[in-house]
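Content type mmCIF, C-alpha atoms and all ligand atoms, from the file model-v8.cif:
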```cif
data_structure
loop_
_atom_site.label_atom_id
_atom_site.label_comp_id
_atom_site.auth_asym_id
_atom_site.auth_seq_id
_atom_site.Cartn_x
_atom_site.Cartn_y
_atom_site.Cartn_z
CA MET A 57 -20.80 11.14 35.34
CA THR A 58 -21.94 12.28 31.92
CA GLU A 59 -21.89 9.79 29.10
CA ARG A 60 -20.31 10.99 25.87
CA GLU A 61 -22.82 10.99 23.02
CA VAL A 62 -22.20 10.76 19.29
CA LYS A 63 -21.40 14.21 17.92
CA GLU A 64 -20.72 13.21 14.33
CA VAL A 65 -20.29 10.00 12.32
CA VAL A 66 -17.67 10.24 9.57
CA THR A 67 -17.54 7.86 6.60
CA PRO A 68 -13.89 7.41 5.55
CA VAL A 69 -12.98 8.59 2.07
CA VAL A 70 -10.88 6.48 -0.28
CA ALA A 71 -7.56 8.24 -0.75
CA SER A 72 -4.30 7.47 -2.50
CA ASP A 73 -1.03 8.36 -0.78
CA GLY A 74 2.66 7.51 -0.95
CA ALA A 75 3.47 6.05 -4.35
CA GLY A 76 -0.15 4.98 -4.83
CA VAL A 77 -1.42 3.17 -1.73
CA ARG A 78 -5.20 3.01 -1.58
CA LEU A 79 -6.46 3.67 1.92
CA LYS A 80 -9.48 4.84 3.89
CA ARG A 81 -8.87 8.30 5.37
CA SER A 82 -11.03 9.79 8.11
CA ILE A 83 -8.90 12.70 9.41
CA ALA A 84 -6.92 14.98 7.05
CA THR A 85 -9.73 15.12 4.51
CA ARG A 86 -11.49 18.03 2.85
CA THR A 87 -14.30 17.84 5.39
CA LEU A 88 -12.28 16.97 8.53
CA ASP A 89 -8.82 18.55 8.62
CA HIS A 90 -7.99 17.57 12.19
CA LEU A 91 -9.43 16.73 15.60
CA ASP A 92 -6.93 18.46 17.86
CA PRO A 93 -4.38 16.93 18.55
CA PHE A 94 -5.02 14.21 15.92
CA PHE A 95 -3.98 15.37 12.46
CA LEU A 96 -4.43 12.22 10.40
CA PHE A 97 -6.25 8.94 10.66
CA ASP A 98 -5.65 6.36 7.92
CA HIS A 99 -6.89 2.78 7.71
CA PHE A 100 -5.00 0.77 5.12
CA GLY A 101 -6.44 -2.64 4.39
CA SER A 102 -6.63 -4.80 1.30
CA GLU A 103 -6.28 -8.36 0.06
CA ASN A 104 -5.04 -7.03 -3.26
CA ALA A 105 -1.28 -6.35 -3.27
CA ALA A 106 -1.76 -3.82 -6.11
CA ASP A 107 -3.52 -1.57 -3.59
CA TYR A 108 -0.47 -1.27 -1.33
CA ILE A 109 2.72 -2.61 -2.89
CA ALA A 110 3.86 0.81 -4.17
CA GLY A 111 4.27 1.77 -0.51
CA PHE A 112 5.51 5.03 0.94
CA PRO A 113 9.02 5.61 -0.50
CA MET A 114 11.44 7.97 1.28
CA HIS A 115 9.56 11.08 2.48
CA PRO A 116 10.03 13.73 5.18
CA HIS A 117 8.06 14.55 8.33
CA ARG A 118 8.39 17.45 10.78
CA GLY A 119 6.40 18.65 13.77
CA ILE A 120 4.34 15.52 14.50
CA GLU A 121 4.40 12.07 16.05
CA THR A 122 3.02 9.03 14.25
CA ILE A 123 1.61 5.78 15.63
CA THR A 124 1.31 2.85 13.23
CA TYR A 125 -0.66 -0.18 14.43
CA MET A 126 -0.75 -3.34 12.35
CA LEU A 127 -3.63 -5.84 12.37
CA ASP A 128 -2.32 -8.10 9.62
CA GLY A 129 0.47 -8.27 7.05
CA SER A 130 3.78 -6.50 7.50
CA VAL A 131 5.58 -3.27 6.64
CA SER A 132 9.34 -2.82 6.43
CA HIS A 133 10.76 0.58 7.22
CA LYS A 134 14.00 2.53 7.43
CA ASP A 135 14.84 6.12 8.26
CA SER A 136 17.46 8.86 8.24
CA MET A 137 18.51 8.03 11.82
CA GLY A 138 19.77 4.64 10.59
CA ASN A 139 16.87 2.64 12.05
CA SER A 140 15.25 -0.17 10.13
CA GLY A 141 12.88 -3.01 10.91
CA VAL A 142 9.69 -4.83 10.06
CA ILE A 143 6.40 -4.46 11.90
CA GLY A 144 3.80 -7.19 11.60
CA ALA A 145 0.40 -8.26 12.91
CA GLY A 146 -0.34 -6.77 16.34
CA ASP A 147 2.85 -4.67 16.41
CA VAL A 148 3.03 -0.93 16.92
CA GLN A 149 5.57 1.61 15.79
CA TRP A 150 5.69 5.11 17.19
CA MET A 151 7.84 7.82 15.71
CA THR A 152 8.60 11.35 16.82
CA ALA A 153 9.43 13.34 13.69
CA GLY A 154 10.33 16.43 15.73
CA SER A 155 12.88 18.56 13.86
CA GLY A 156 12.73 16.19 10.92
CA ILE A 157 13.21 12.68 9.63
CA LEU A 158 13.19 11.03 6.24
CA HIS A 159 11.74 7.55 6.19
CA GLU A 160 10.18 4.92 3.98
CA GLU A 161 7.38 2.52 4.85
CA MET A 162 7.02 -0.36 2.39
CA PRO A 163 4.28 -2.99 2.82
CA ARG A 164 5.33 -6.54 1.98
CA VAL A 165 3.18 -8.90 0.00
CA GLY A 166 1.98 -11.52 2.46
CA PRO A 167 -0.15 -14.66 2.38
CA ARG A 168 -3.18 -12.82 3.74
CA ARG A 169 -4.19 -9.19 3.75
CA LEU A 170 -2.48 -5.97 4.74
CA ASP A 171 -4.42 -4.24 7.47
CA GLY A 172 -3.55 -1.47 9.88
CA PHE A 173 -3.81 2.14 10.96
CA GLN A 174 -1.67 5.25 11.07
CA VAL A 175 -2.45 8.17 13.34
CA TRP A 176 -0.63 11.51 13.47
CA VAL A 177 -0.50 13.27 16.83
CA ASN A 178 0.51 16.93 16.78
CA LEU A 179 3.49 18.13 18.81
CA PRO A 180 3.14 21.20 21.03
CA ARG A 181 4.91 24.34 19.82
CA LYS A 182 7.75 24.01 22.34
CA LEU A 183 8.56 20.49 21.05
CA LYS A 184 8.14 20.95 17.30
CA MET A 185 11.92 20.83 16.82
CA THR A 186 12.68 18.16 19.43
CA ALA A 187 15.10 15.35 18.54
CA PRO A 188 13.57 12.69 16.29
CA ARG A 189 13.19 9.17 17.73
CA TYR A 190 11.28 6.00 17.13
CA GLN A 191 10.48 2.58 18.58
CA ASP A 192 9.01 -0.66 17.32
CA VAL A 193 6.80 -2.30 19.96
CA PRO A 194 6.21 -6.01 19.33
CA SER A 195 2.72 -7.37 19.85
CA ALA A 196 3.81 -9.41 22.91
CA ARG A 197 4.62 -6.16 24.77
CA ILE A 198 1.14 -4.71 24.33
CA PRO A 199 -0.93 -5.55 27.41
CA GLU A 200 -4.42 -6.96 27.03
CA VAL A 201 -7.18 -6.43 29.57
CA ALA A 202 -10.04 -8.95 29.69
CA ARG A 203 -13.24 -7.61 31.26
CA PRO A 204 -15.74 -9.91 32.99
CA ASP A 205 -18.40 -9.39 30.31
CA GLY A 206 -16.06 -10.54 27.56
CA ALA A 207 -14.58 -7.28 26.27
CA ARG A 208 -10.91 -7.65 25.34
CA VAL A 209 -8.86 -4.45 25.27
CA ARG A 210 -5.37 -4.12 23.82
CA VAL A 211 -3.87 -1.13 25.61
CA ILE A 212 -1.61 0.55 23.06
CA ALA A 213 -1.47 3.80 25.03
CA GLY A 214 -3.24 5.12 28.11
CA ASP A 215 -4.71 3.29 31.09
CA VAL A 216 -7.44 0.64 31.40
CA ASP A 217 -8.35 -0.76 34.83
CA GLY A 218 -4.87 0.13 36.11
CA THR A 219 -3.02 -1.40 33.15
CA THR A 220 -0.80 1.09 31.33
CA GLY A 221 -0.25 0.85 27.59
CA ALA A 222 3.00 0.00 25.85
CA VAL A 223 3.42 3.40 24.17
CA ARG A 224 4.14 6.05 26.81
CA GLU A 225 6.40 8.40 24.86
CA ILE A 226 3.91 10.38 22.76
CA PHE A 227 4.06 13.92 24.17
CA ALA A 228 0.30 14.58 23.95
CA GLY A 229 -0.27 11.52 26.19
CA PRO A 230 -3.07 9.98 24.12
CA THR A 231 -5.21 6.99 25.01
CA TYR A 232 -5.22 4.43 22.17
CA LEU A 233 -7.22 1.24 22.74
CA ASP A 234 -8.18 -1.66 20.46
CA VAL A 235 -11.44 -3.04 21.86
CA ALA A 236 -13.06 -6.33 20.79
CA LEU A 237 -16.63 -6.89 22.02
CA PRO A 238 -18.56 -10.16 21.79
CA ALA A 239 -22.23 -9.86 20.83
CA GLY A 240 -24.24 -8.14 23.54
CA ALA A 241 -21.22 -6.90 25.51
CA SER A 242 -20.53 -3.31 26.41
CA PHE A 243 -17.44 -1.29 27.21
CA GLU A 244 -17.05 1.72 29.43
CA GLN A 245 -13.98 3.88 29.73
CA PRO A 246 -13.54 7.16 31.58
CA VAL A 247 -12.17 9.97 29.41
CA PRO A 248 -11.42 13.30 31.08
CA ARG A 249 -13.85 16.11 30.29
CA GLY A 250 -12.49 18.45 27.64
CA HIS A 251 -10.37 15.80 25.94
CA THR A 252 -10.94 15.07 22.28
CA ALA A 253 -12.35 11.53 21.91
CA LEU A 254 -13.15 9.42 18.88
CA LEU A 255 -13.92 5.84 17.93
CA TYR A 256 -12.97 4.04 14.75
CA VAL A 257 -15.30 1.10 14.15
CA PHE A 258 -13.64 -1.48 11.91
CA GLN A 259 -15.59 -4.70 12.52
CA GLY A 260 -19.30 -5.24 13.07
CA GLU A 261 -21.42 -2.42 14.36
CA VAL A 262 -21.67 -0.56 17.65
CA ALA A 263 -24.13 1.56 19.58
CA VAL A 264 -22.74 4.54 21.45
CA GLY A 265 -24.17 6.46 24.37
CA GLY A 266 -27.93 6.90 24.23
CA GLU A 267 -28.33 7.82 27.90
CA ALA A 268 -29.45 11.37 27.15
CA SER A 269 -31.40 10.71 23.95
CA GLY A 270 -32.78 7.33 25.04
CA ALA A 271 -31.84 5.80 21.68
CA ALA A 272 -28.42 4.92 20.38
CA ALA A 273 -28.17 4.54 16.62
CA ALA A 274 -26.22 1.54 15.28
CA ILE A 275 -22.95 2.56 13.64
CA PRO A 276 -21.51 0.04 11.16
CA ALA A 277 -17.83 -0.37 10.19
CA PRO A 278 -15.96 1.40 8.76
CA ARG A 279 -16.83 4.68 10.48
CA LEU A 280 -15.06 7.30 12.58
CA VAL A 281 -17.24 8.51 15.43
CA ILE A 282 -16.55 11.92 16.94
CA LEU A 283 -17.73 11.95 20.55
CA GLY A 284 -19.22 14.90 22.39
CA ASP A 285 -17.90 16.02 25.76
CA GLY A 286 -18.48 14.10 28.97
CA ASP A 287 -16.69 11.90 31.51
CA VAL A 288 -17.23 8.39 30.21
CA VAL A 289 -17.47 6.58 26.87
CA ARG A 290 -19.92 3.70 26.63
CA VAL A 291 -20.02 1.45 23.57
CA ARG A 292 -22.19 -1.63 23.04
CA ALA A 293 -22.22 -4.39 20.45
CA PRO A 294 -25.96 -5.09 20.11
CA ALA A 295 -25.92 -6.97 16.81
CA GLY A 296 -22.94 -9.33 16.91
CA PRO A 297 -19.24 -9.07 17.65
CA ALA A 298 -17.65 -5.70 17.01
CA ARG A 299 -14.18 -4.20 17.14
CA PHE A 300 -13.13 -0.59 17.34
CA LEU A 301 -10.35 1.77 18.36
CA LEU A 302 -10.85 4.40 21.04
CA LEU A 303 -8.54 7.41 20.83
CA SER A 304 -8.52 10.40 23.12
CA ALA A 305 -6.16 13.19 24.15
CA GLN A 306 -6.09 16.69 25.52
CA PRO A 307 -6.27 19.22 22.67
CA LEU A 308 -3.18 21.43 22.26
CA GLN A 309 -5.22 24.52 21.26
CA GLU A 310 -2.32 26.07 19.36
CA PRO A 311 -2.26 27.49 15.85
CA ALA A 312 -1.44 24.76 13.32
CA VAL A 313 -0.50 24.87 9.65
CA ARG A 314 -0.30 21.64 7.68
CA TRP A 315 1.57 21.12 4.44
CA GLY A 316 1.69 17.50 3.31
CA PRO A 317 3.87 15.62 5.84
CA PHE A 318 4.58 18.69 8.02
CA VAL A 319 2.44 20.20 10.77
CA MET A 320 3.89 23.43 12.15
CA ASN A 321 2.52 26.51 13.92
CA THR A 322 3.05 29.09 11.16
CA GLN A 323 3.22 29.36 7.39
CA ASP A 324 6.82 30.66 7.74
CA GLU A 325 7.82 27.44 9.51
CA ILE A 326 6.35 25.42 6.63
CA ALA A 327 8.25 27.57 4.11
CA LEU A 328 11.45 27.04 6.09
CA ALA A 329 10.96 23.25 6.12
CA LEU A 330 10.52 23.25 2.33
CA GLN A 331 13.56 25.54 1.90
CA GLU A 332 15.67 23.23 4.08
CA LEU A 333 14.56 20.19 2.08
CA ARG A 334 15.79 21.91 -1.11
CA ASP A 335 19.04 23.04 0.60
CA GLY A 336 19.79 19.62 2.09
CA THR A 337 19.69 21.06 5.64
CA PHE A 338 16.37 19.50 6.66
CA ILE A 339 17.88 16.72 8.79
CA LYS A 340 19.32 18.25 11.98
CA ARG A 341 20.44 15.16 13.83
CO CO A 401 5.63 8.65 6.88
#
```

The structure given in the file should be rewritten as structure tokens.
Ligand code: CO
Amino acid sequence: MTEREVKEVVTPVVASDGAGVRLKRSIATRTLDHLDPFFLFDHFGSENAADYIAGFPMHPHRGIETITYMLDGSVSHKDSMGNSGVIGAGDVQWMTAGSGILHEEMPRVGPRRLDGFQVWVNLPRKLKMTAPRYQDVPSARIPEVARPDGARVRVIAGDVDGTTGAVREIFAGPTYLDVALPAGASFEQPVPRGHTALLYVFQGEVAVGGEASGAAAAIPAPRLVILGDGDVVRVRAPAGPARFLLLSAQPLQEPAVRWGPFVMNTQDEIALALQELRDGTFIKR
């Protein structure tokens, strides 16, 4: 078993998206376009409603799947398939854009802060134009695994100690875990060799790997950690409680062209999506 070591530590950049939502972006930046099959990683979090209240008014997507995971606050949404709802603290929404959807995602002003994550997972070429679909997954349906040394793991997608996550419909089959470690605890999770793997540290600080080098540097929140190849991920919380996401998936290894909210395989497919938006033929179903 080879432990995965830190390959690169990425400091999120402050970005503005939607109608002016301030967020921390780690994937889909000038320096990190994607980590196949992950094409965007955003962390939105603020106590100041002015940072998020403008929201994400009606906008299109094609060719990807999105996973939105809320830590605090709430977001109301509706889409061109006629779905609508509100996701709040601990809830997840997954959405397959496929051939195309229009949706809006509008944070509500709450008593505390707005906090959460959105990840884009690329669709393989053969499923780019699959039927759009979506599901809200309430917090109560997300299983939690408690390890003997105190680690608590919310299994959003993937498998931990035989417990399967609540989101099973994302075609790339990612693992998506929310791991809380008390001070001094450690967490180990097998990740198949060759799969892309990353951590997003959002509370405290962690130490990763260190088996090969003999020294694991402390990585403070907020950071995205790109992991090197291996069979197992090992994360420790040496300096107090810490919390992080672990994401992994098999890379698609297909050509990809991104334009704003679309990720397709060719420039022509991007041009077609834009043409269809102008023509009013973008929504297929
Ligand atoms: Co969107």

As a quick test: using all atoms listed in the file, which residues lie no more than 7 Å away from ligand CO 401 (chain A)? Give them as an mmCIF file with C-alpha atoms, keeping the file's coordinate frame.
```cif
data_model
loop_
_atom_site.group_PDB
_atom_site.id
_atom_site.type_symbol
_atom_site.label_atom_id
_atom_site.label_comp_id
_atom_site.auth_asym_id
_atom_site.auth_seq_id
_atom_site.Cartn_x
_atom_site.Cartn_y
_atom_site.Cartn_z
ATOM 1 C CA PHE A 112 5.510 5.030 0.940
ATOM 2 C CA HIS A 115 9.560 11.080 2.480
ATOM 3 C CA PRO A 116 10.030 13.730 5.180
ATOM 4 C CA HIS A 117 8.060 14.550 8.330
ATOM 5 C CA HIS A 159 11.740 7.550 6.190
ATOM 6 C CA GLU A 160 10.180 4.920 3.980
ATOM 7 C CA GLU A 161 7.380 2.520 4.850
#
```

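Between atom CA of Ala327 of chain A and atom CA of Ala153 of chain A the interatomic distance comes to 17.2 Å.
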
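Interatomic distance, atom CA of Gln174 of chain A to atom CA of Glu61 of chain A: 25.0 Å.
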
Can you write out as JSON lines which residues of segment 215-235 of chain A fall within 10 Å of segment 119-135 of chain A, alongside each residue's closest atom pair and its distance in Å to one decimal, counting all atoms listed in the file and ordering rows by chain and ascending residue number?
```
{"residue": "A:Val223", "atom": "CA", "partner": "A:Ile123", "partner_atom": "CA", "distance": 9.0}
{"residue": "A:Glu225", "atom": "CA", "partner": "A:Glu121", "partner_atom": "CA", "distance": 9.8}
{"residue": "A:Ile226", "atom": "CA", "partner": "A:Glu121", "partner_atom": "CA", "distance": 6.9}
{"residue": "A:Phe227", "atom": "CA", "partner": "A:Glu121", "partner_atom": "CA", "distance": 8.3}
{"residue": "A:Ala228", "atom": "CA", "partner": "A:Glu121", "partner_atom": "CA", "distance": 9.2}
{"residue": "A:Tyr232", "atom": "CA", "partner": "A:Ile123", "partner_atom": "CA", "distance": 9.6}
{"residue": "A:Asp234", "atom": "CA", "partner": "A:Tyr125", "partner_atom": "CA", "distance": 9.8}
```

- Task: Write out as an NGL selection string each polymer residue whose atoms come within 10 Å of segment 237-241 of chain A, counting all atoms listed in the file; drop sequence neighbours fewer than 3 positions from it.
- Result: :A and (203-209 or 259-262 or 291-300)

- Closest to Pro307 of chain A among A:Ser82, A:Thr220, A:Asn178, A:Thr337, using only C-alpha atoms?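 Counting only C-alpha atoms, the residue closest to Pro307 of chain A is A:Asn178.
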
As an mmCIF file, in the coordinates of the input, please: segment 233-244 of chain A completed to all heavy atoms.
```cif
data_model
loop_
_atom_site.group_PDB
_atom_site.id
_atom_site.type_symbol
_atom_site.label_atom_id
_atom_site.label_comp_id
_atom_site.auth_asym_id
_atom_site.auth_seq_id
_atom_site.Cartn_x
_atom_site.Cartn_y
_atom_site.Cartn_z
ATOM 1 N N LEU A 233 -6.780 2.585 22.375
ATOM 2 C CA LEU A 233 -7.220 1.240 22.740
ATOM 3 C C LEU A 233 -7.800 0.515 21.537
ATOM 4 O O LEU A 233 -8.471 1.133 20.703
ATOM 5 C CB LEU A 233 -8.303 1.311 23.832
ATOM 6 C CG LEU A 233 -8.029 2.210 25.045
ATOM 7 C CD1 LEU A 233 -9.240 2.200 25.981
ATOM 8 C CD2 LEU A 233 -6.770 1.781 25.776
ATOM 9 N N ASP A 234 -7.554 -0.794 21.469
ATOM 10 C CA ASP A 234 -8.180 -1.660 20.460
ATOM 11 C C ASP A 234 -9.126 -2.566 21.246
ATOM 12 O O ASP A 234 -8.685 -3.404 22.040
ATOM 13 C CB ASP A 234 -7.090 -2.465 19.739
ATOM 14 C CG ASP A 234 -7.655 -3.564 18.835
ATOM 15 O OD1 ASP A 234 -8.887 -3.697 18.719
ATOM 16 O OD2 ASP A 234 -6.831 -4.306 18.251
ATOM 17 N N VAL A 235 -10.427 -2.371 21.042
ATOM 18 C CA VAL A 235 -11.440 -3.040 21.860
ATOM 19 C C VAL A 235 -12.233 -4.039 21.012
ATOM 20 O O VAL A 235 -12.804 -3.663 19.986
ATOM 21 C CB VAL A 235 -12.416 -2.015 22.476
ATOM 22 C CG1 VAL A 235 -13.431 -2.712 23.383
ATOM 23 C CG2 VAL A 235 -11.658 -0.934 23.236
ATOM 24 N N ALA A 236 -12.252 -5.298 21.447
ATOM 25 C CA ALA A 236 -13.060 -6.330 20.790
ATOM 26 C C ALA A 236 -14.213 -6.692 21.723
ATOM 27 O O ALA A 236 -13.990 -7.055 22.888
ATOM 28 C CB ALA A 236 -12.217 -7.557 20.483
ATOM 29 N N LEU A 237 -15.437 -6.579 21.219
ATOM 30 C CA LEU A 237 -16.630 -6.890 22.020
ATOM 31 C C LEU A 237 -17.353 -8.089 21.427
ATOM 32 O O LEU A 237 -17.667 -8.097 20.244
ATOM 33 C CB LEU A 237 -17.609 -5.700 21.996
ATOM 34 C CG LEU A 237 -17.233 -4.432 22.741
ATOM 35 C CD1 LEU A 237 -18.353 -3.401 22.593
ATOM 36 C CD2 LEU A 237 -16.973 -4.730 24.212
ATOM 37 N N PRO A 238 -17.660 -9.107 22.268
ATOM 38 C CA PRO A 238 -18.560 -10.160 21.790
ATOM 39 C C PRO A 238 -19.991 -9.600 21.714
ATOM 40 O O PRO A 238 -20.285 -8.562 22.312
ATOM 41 C CB PRO A 238 -18.437 -11.239 22.861
ATOM 42 C CG PRO A 238 -17.916 -10.566 24.078
ATOM 43 C CD PRO A 238 -17.206 -9.313 23.637
ATOM 44 N N ALA A 239 -20.847 -10.310 20.985
ATOM 45 C CA ALA A 239 -22.230 -9.860 20.830
ATOM 46 C C ALA A 239 -22.875 -9.609 22.193
ATOM 47 O O ALA A 239 -22.755 -10.422 23.100
ATOM 48 C CB ALA A 239 -23.030 -10.913 20.067
ATOM 49 N N GLY A 240 -23.491 -8.457 22.322
ATOM 50 C CA GLY A 240 -24.240 -8.140 23.540
ATOM 51 C C GLY A 240 -23.411 -7.489 24.625
ATOM 52 O O GLY A 240 -23.956 -6.989 25.605
ATOM 53 N N ALA A 241 -22.075 -7.475 24.467
ATOM 54 C CA ALA A 241 -21.220 -6.900 25.510
ATOM 55 C C ALA A 241 -21.171 -5.377 25.386
ATOM 56 O O ALA A 241 -21.530 -4.805 24.365
ATOM 57 C CB ALA A 241 -19.808 -7.477 25.418
ATOM 58 N N SER A 242 -20.728 -4.755 26.473
ATOM 59 C CA SER A 242 -20.530 -3.310 26.410
ATOM 60 C C SER A 242 -19.209 -2.949 27.059
ATOM 61 O O SER A 242 -18.610 -3.753 27.792
ATOM 62 C CB SER A 242 -21.694 -2.569 27.065
ATOM 63 O OG SER A 242 -21.583 -2.630 28.461
ATOM 64 N N PHE A 243 -18.752 -1.757 26.770
ATOM 65 C CA PHE A 243 -17.440 -1.290 27.210
ATOM 66 C C PHE A 243 -17.574 0.130 27.695
ATOM 67 O O PHE A 243 -18.163 0.970 27.019
ATOM 68 C CB PHE A 243 -16.457 -1.364 26.033
ATOM 69 C CG PHE A 243 -15.124 -0.723 26.326
ATOM 70 C CD1 PHE A 243 -14.204 -1.361 27.135
ATOM 71 C CD2 PHE A 243 -14.801 0.516 25.788
ATOM 72 C CE1 PHE A 243 -12.972 -0.769 27.414
ATOM 73 C CE2 PHE A 243 -13.571 1.101 26.057
ATOM 74 C CZ PHE A 243 -12.659 0.465 26.863
ATOM 75 N N GLU A 244 -17.034 0.364 28.879
ATOM 76 C CA GLU A 244 -17.050 1.720 29.430
ATOM 77 C C GLU A 244 -15.641 2.143 29.751
ATOM 78 O O GLU A 244 -14.840 1.354 30.274
ATOM 79 C CB GLU A 244 -17.867 1.759 30.729
ATOM 80 C CG GLU A 244 -19.339 1.926 30.492
ATOM 81 C CD GLU A 244 -20.091 2.202 31.792
ATOM 82 O OE1 GLU A 244 -19.450 2.609 32.787
ATOM 83 O OE2 GLU A 244 -21.310 1.995 31.790
#
```
